[in-house]
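Heads up, the thing below is written out as structure tokens.
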Amino acid sequence: PKSSCKIYKPWSENESRFYEKLSALGSSSMESGPLQILKKFVPKYYGSVEVTAAITPPVTDMMDGPMQPEQSRHIILEDLVDGFIKPCVLDIKMGKRQRKMGSSPDKEKRQLEKSLSTTSGALGFRLCGCQYYDRKSDSLCFLDKYWGRRVTKDKVQAALQLGFWNGSELYTDLFPPLLEKLQLLQQCVTELRHYRFWSSSLLIVYDGGLDNPREMVKSLDVRMIDFANTIFLSDNPTPDEEYVFGLRNLSTAFQTIWSSASSAPGKAAVCPPSAIAPSLPPLPHAASRKNPRLPETIAEETKPSEEAGNAPTSPLSPEGRTTSPSREWTPGPS
């Protein structure tokens, strides 16, 4: 589906129900307070629609006549980077472990193992994708979820810095409003009882193509996404402690980055991606694109991996997300 300001995402009953509840939110219930605040941290919801996909049948099936177009339902969401010149994005998977409703015991075991082998288990979050604008080379640079899984606890601050790096300096002006937004979100989730935002993500976005620092600060946004596994535990009146734990550690990491950069203005150094964590080889088409591209340091120093066959085309759109073609990056799984 194509739209210049909206995203069409495959429909999930659970996720659709969550967005519908926020859309219909009143001010009469006790929970409406924190839910009203939470509503400001999720993309705008425009309902759902049936999408018809054109299908080209295999040659062997053509003798049976034309195939019927396939229809599937999608929810319609706000495109958070619509109108951005150079969209910079940090995609962060929240929680100490990932959960999926109705998953098999084997799936649950794999999810637990993944959490224990990444920063999810230790910090309550892991980097799922990063896109930043390098002004020196005039390039948008990607880092995917596989790279993010290899970021260790001691390198996570260096990894987060990349999201605010422009090739020569950090955008330190973005940290105060970012910390303020994260603090408000943490307070909101702490006061929100019963809900569990399992396997959801947090997007931090800003327009790295703006020359005016004030306008860049205005473009900064923090949003929660991916609610297919969000549940309401009616018999458990506690907040989502794992999500709060992740937000607290994320805020601490950004606070440390900001304090360090402020103490030595103009001297902030950022490690190259390949020095933070090993990455997968670039996709075959990546080098041919004028903009964006993968950093050369990654292309030169990475080694093949057993996961290479499943490498995504971009880190910025988790599995199931479909984005507008107006963006300069290609959506892929996370």
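Residues are referred to by chain and number: the chain letter is A, B, ... according to the order shown in the structure tokens, the number counts from 1 in that chain, and ligands are numbered separately from 1 in the order shown.
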
Near-range 189-205 of chain A list (8 Å; only C-alpha atoms; drop same-chain fewer than 4 positions) as a ChimeraX atom specification: /A:31,34-35,38,80-81,87-95,97-100,185,219-241,243-244

I'd like the contact shell of Ile75 in chain A - 8 Å cut-off, only C-alpha atoms, skipping same-chain residues fewer than 2 positions apart - returned as a PDB file with N, CA and C atoms, in the first residue's frame.
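Result file around.pdb:
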ATOM      1  N   TYR A   8       1.042   1.089   6.401  1.00  0.00           N
ATOM      2  CA  TYR A   8       0.075   0.002   6.419  1.00  0.00           C
ATOM      3  C   TYR A   8       0.774  -1.239   6.976  1.00  0.00           C
ATOM      4  N   LYS A   9       0.246  -1.754   8.060  1.00  0.00           N
ATOM      5  CA  LYS A   9       0.856  -2.892   8.732  1.00  0.00           C
ATOM      6  C   LYS A   9      -0.136  -4.046   8.774  1.00  0.00           C
ATOM      7  N   PRO A  10       0.302  -5.280   8.466  1.00  0.00           N
ATOM      8  CA  PRO A  10      -0.598  -6.430   8.529  1.00  0.00           C
ATOM      9  C   PRO A  10      -1.374  -6.473   9.845  1.00  0.00           C
ATOM     10  N   TRP A  11      -2.655  -6.734   9.732  1.00  0.00           N
ATOM     11  CA  TRP A  11      -3.571  -6.654  10.850  1.00  0.00           C
ATOM     12  C   TRP A  11      -3.330  -7.752  11.874  1.00  0.00           C
ATOM     13  N   SER A  16      -4.798  -4.375  16.945  1.00  0.00           N
ATOM     14  CA  SER A  16      -5.913  -3.532  16.523  1.00  0.00           C
ATOM     15  C   SER A  16      -6.798  -3.169  17.708  1.00  0.00           C
ATOM     16  N   TYR A  45      -3.488   6.436  14.971  1.00  0.00           N
ATOM     17  CA  TYR A  45      -4.161   5.278  14.399  1.00  0.00           C
ATOM     18  C   TYR A  45      -5.309   5.738  13.516  1.00  0.00           C
ATOM     19  N   TYR A  46      -5.344   5.226  12.272  1.00  0.00           N
ATOM     20  CA  TYR A  46      -6.361   5.637  11.313  1.00  0.00           C
ATOM     21  C   TYR A  46      -7.326   4.505  10.953  1.00  0.00           C
ATOM     22  N   GLY A  47      -7.396   3.485  11.791  1.00  0.00           N
ATOM     23  CA  GLY A  47      -8.311   2.386  11.527  1.00  0.00           C
ATOM     24  C   GLY A  47      -7.654   1.275  10.739  1.00  0.00           C
ATOM     25  N   SER A  48      -8.477   0.468  10.081  1.00  0.00           N
ATOM     26  CA  SER A  48      -7.966  -0.663   9.304  1.00  0.00           C
ATOM     27  C   SER A  48      -8.643  -0.691   7.946  1.00  0.00           C
ATOM     28  N   VAL A  49      -8.058  -1.453   7.024  1.00  0.00           N
ATOM     29  CA  VAL A  49      -8.568  -1.495   5.661  1.00  0.00           C
ATOM     30  C   VAL A  49      -8.199  -2.830   5.028  1.00  0.00           C
ATOM     31  N   ARG A  73      -6.032  -7.862   5.566  1.00  0.00           N
ATOM     32  CA  ARG A  73      -6.391  -6.680   6.347  1.00  0.00           C
ATOM     33  C   ARG A  73      -5.140  -6.024   6.932  1.00  0.00           C
ATOM     34  N   LEU A  77      -1.313   3.365  10.232  1.00  0.00           N
ATOM     35  CA  LEU A  77      -0.648   4.120  11.284  1.00  0.00           C
ATOM     36  C   LEU A  77       0.078   5.335  10.713  1.00  0.00           C
TER      37      LEU A  77
END

Between CA of Asn166 in chain A and CA of Leu247 in chain A - distance in Å to one decimal: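 Atom-to-atom, CA of Leu247 in chain A to CA of Asn166 in chain A, that is 24.8 Å.
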
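CA of Lys44 in chain A sits 5.0 Å away from CA of Glu78 in chain A.
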
Residue nearest Tyr206 in chain A among A:Ser262, A:Gln186, A:Gln131, A:Ser12 (counting only C-alpha atoms): A:Gln131

Residues near Arg126 in chain A, cut-off 8 Å, only C-alpha atoms, skip fewer than 2 positions along chain, as a PyMOL selection string: chain A and resi 92-94+118-120+123-124+128+148-149

Atom-to-atom span, CA of Gly83 in chain A and CA of Gly163 in chain A, Å: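 Between CA of Gly83 in chain A and CA of Gly163 in chain A the gap works out to 19.0 Å.
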
DSSP strand (DSSP E or B) selection over range 108-299 of chain A, as a ChimeraX atom specification: /A:125-134,139-143,165,170,195-197,201-207,221-225,230-232

Selected residues, C-alpha atoms, written as an mmCIF file, in the first residue's frame, please.
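Final output, saved to selection-v4.cif:
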data_model
loop_
_atom_site.group_PDB
_atom_site.id
_atom_site.type_symbol
_atom_site.label_atom_id
_atom_site.label_comp_id
_atom_site.auth_asym_id
_atom_site.auth_seq_id
_atom_site.Cartn_x
_atom_site.Cartn_y
_atom_site.Cartn_z
ATOM 1 C CA PHE A 125 16.507 -3.464 26.121
ATOM 2 C CA ARG A 126 18.551 -4.210 23.029
ATOM 3 C CA LEU A 127 19.318 -2.259 19.902
ATOM 4 C CA CYS A 128 17.229 -3.606 17.042
ATOM 5 C CA GLY A 129 18.294 -1.144 14.357
ATOM 6 C CA CYS A 130 20.020 2.158 13.836
ATOM 7 C CA GLN A 131 20.043 4.669 10.994
ATOM 8 C CA TYR A 132 22.100 7.836 11.209
ATOM 9 C CA TYR A 133 23.117 10.538 8.751
ATOM 10 C CA ASP A 134 26.828 11.031 8.067
ATOM 11 C CA SER A 139 25.126 9.145 3.514
ATOM 12 C CA LEU A 140 22.453 7.490 5.588
ATOM 13 C CA CYS A 141 24.085 4.529 7.325
ATOM 14 C CA PHE A 142 22.367 1.357 8.565
ATOM 15 C CA LEU A 143 23.042 -1.062 11.361
ATOM 16 C CA TRP A 165 26.515 10.978 15.361
ATOM 17 C CA LEU A 170 27.372 14.292 18.490
ATOM 18 C CA TYR A 195 -0.578 -3.884 31.148
ATOM 19 C CA ARG A 196 2.386 -5.845 29.746
ATOM 20 C CA PHE A 197 4.001 -4.501 26.603
ATOM 21 C CA SER A 201 9.735 -1.595 20.542
ATOM 22 C CA LEU A 202 10.655 2.009 21.176
ATOM 23 C CA LEU A 203 11.491 4.299 18.266
ATOM 24 C CA ILE A 204 13.613 7.421 18.705
ATOM 25 C CA VAL A 205 13.515 9.568 15.567
ATOM 26 C CA TYR A 206 14.767 12.960 14.415
ATOM 27 C CA ASP A 207 15.582 14.684 11.129
ATOM 28 C CA ASP A 221 10.213 12.141 18.836
ATOM 29 C CA VAL A 222 9.887 9.023 21.015
ATOM 30 C CA ARG A 223 7.166 6.470 20.259
ATOM 31 C CA MET A 224 6.175 2.978 21.350
ATOM 32 C CA ILE A 225 5.290 0.557 18.557
ATOM 33 C CA THR A 230 0.473 -6.429 24.550
ATOM 34 C CA ILE A 231 -1.880 -7.878 27.153
ATOM 35 C CA PHE A 232 -3.995 -6.727 30.115
#

Those in range 26-272 of chain A with alpha helix (DSSP H) from DSSP, as a ChimeraX atom specification: /A:32-39,105-116,119-123,145-149,156-161,175-191,213-219,241-263

Could you name the residues that touch Asp173 in chain A at 10 Å or less, counting only C-alpha atoms, but leaving out those on the same chain fewer than 4 positions away, as a PDB file with N, CA and C atoms, in the first residue's frame?
ATOM      1  N   PHE A 164      23.187   9.415  17.209  1.00  0.00           N
ATOM      2  CA  PHE A 164      23.237  10.877  17.293  1.00  0.00           C
ATOM      3  C   PHE A 164      24.557  11.429  16.754  1.00  0.00           C
ATOM      4  N   PRO A 177      15.997  17.079  25.680  1.00  0.00           N
ATOM      5  CA  PRO A 177      14.590  16.746  25.402  1.00  0.00           C
ATOM      6  C   PRO A 177      14.329  15.252  25.322  1.00  0.00           C
ATOM      7  N   LEU A 178      15.327  14.477  24.881  1.00  0.00           N
ATOM      8  CA  LEU A 178      15.167  13.026  24.833  1.00  0.00           C
ATOM      9  C   LEU A 178      15.002  12.469  26.245  1.00  0.00           C
ATOM     10  N   PRO A 213      19.611  23.944  14.437  1.00  0.00           N
ATOM     11  CA  PRO A 213      19.581  23.079  15.624  1.00  0.00           C
ATOM     12  C   PRO A 213      18.228  23.075  16.333  1.00  0.00           C
ATOM     13  N   ARG A 214      17.559  24.215  16.376  1.00  0.00           N
ATOM     14  CA  ARG A 214      16.268  24.270  17.049  1.00  0.00           C
ATOM     15  C   ARG A 214      15.230  23.435  16.315  1.00  0.00           C
ATOM     16  N   MET A 216      15.877  20.858  14.504  1.00  0.00           N
ATOM     17  CA  MET A 216      16.224  19.457  14.704  1.00  0.00           C
ATOM     18  C   MET A 216      15.691  18.965  16.045  1.00  0.00           C
ATOM     19  N   VAL A 217      15.809  19.796  17.079  1.00  0.00           N
ATOM     20  CA  VAL A 217      15.284  19.434  18.390  1.00  0.00           C
ATOM     21  C   VAL A 217      13.776  19.236  18.318  1.00  0.00           C
ATOM     22  N   TRP A 258      25.441  12.000  27.524  1.00  0.00           N
ATOM     23  CA  TRP A 258      25.300  13.461  27.502  1.00  0.00           C
ATOM     24  C   TRP A 258      26.291  14.130  28.463  1.00  0.00           C
ATOM     25  N   SER A 262      29.197  16.640  27.337  1.00  0.00           N
ATOM     26  CA  SER A 262      29.130  18.021  27.822  1.00  0.00           C
ATOM     27  C   SER A 262      30.396  18.434  28.544  1.00  0.00           C
TER      28      SER A 262
END

Nearest to Ser263 in chain A by atom-to-atom distance, counting only C-alpha atoms, from A:Thr52, A:Thr172, A:Gln187, A:Gln36: A:Thr172

Of the listed residues A:Ser274, A:Ser168, A:Pro176, A:Asp154, that which approaches Ser259 in chain A most closely, counting only C-alpha atoms: A:Pro176

A:Ile37, A:Val42, A:Gln161, A:Thr152 ranked by distance to Ser260 in chain A, top pick (using only C-alpha atoms):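 When distances to Ser260 in chain A are compared using only C-alpha atoms, the smallest one comes from A:Gln161.
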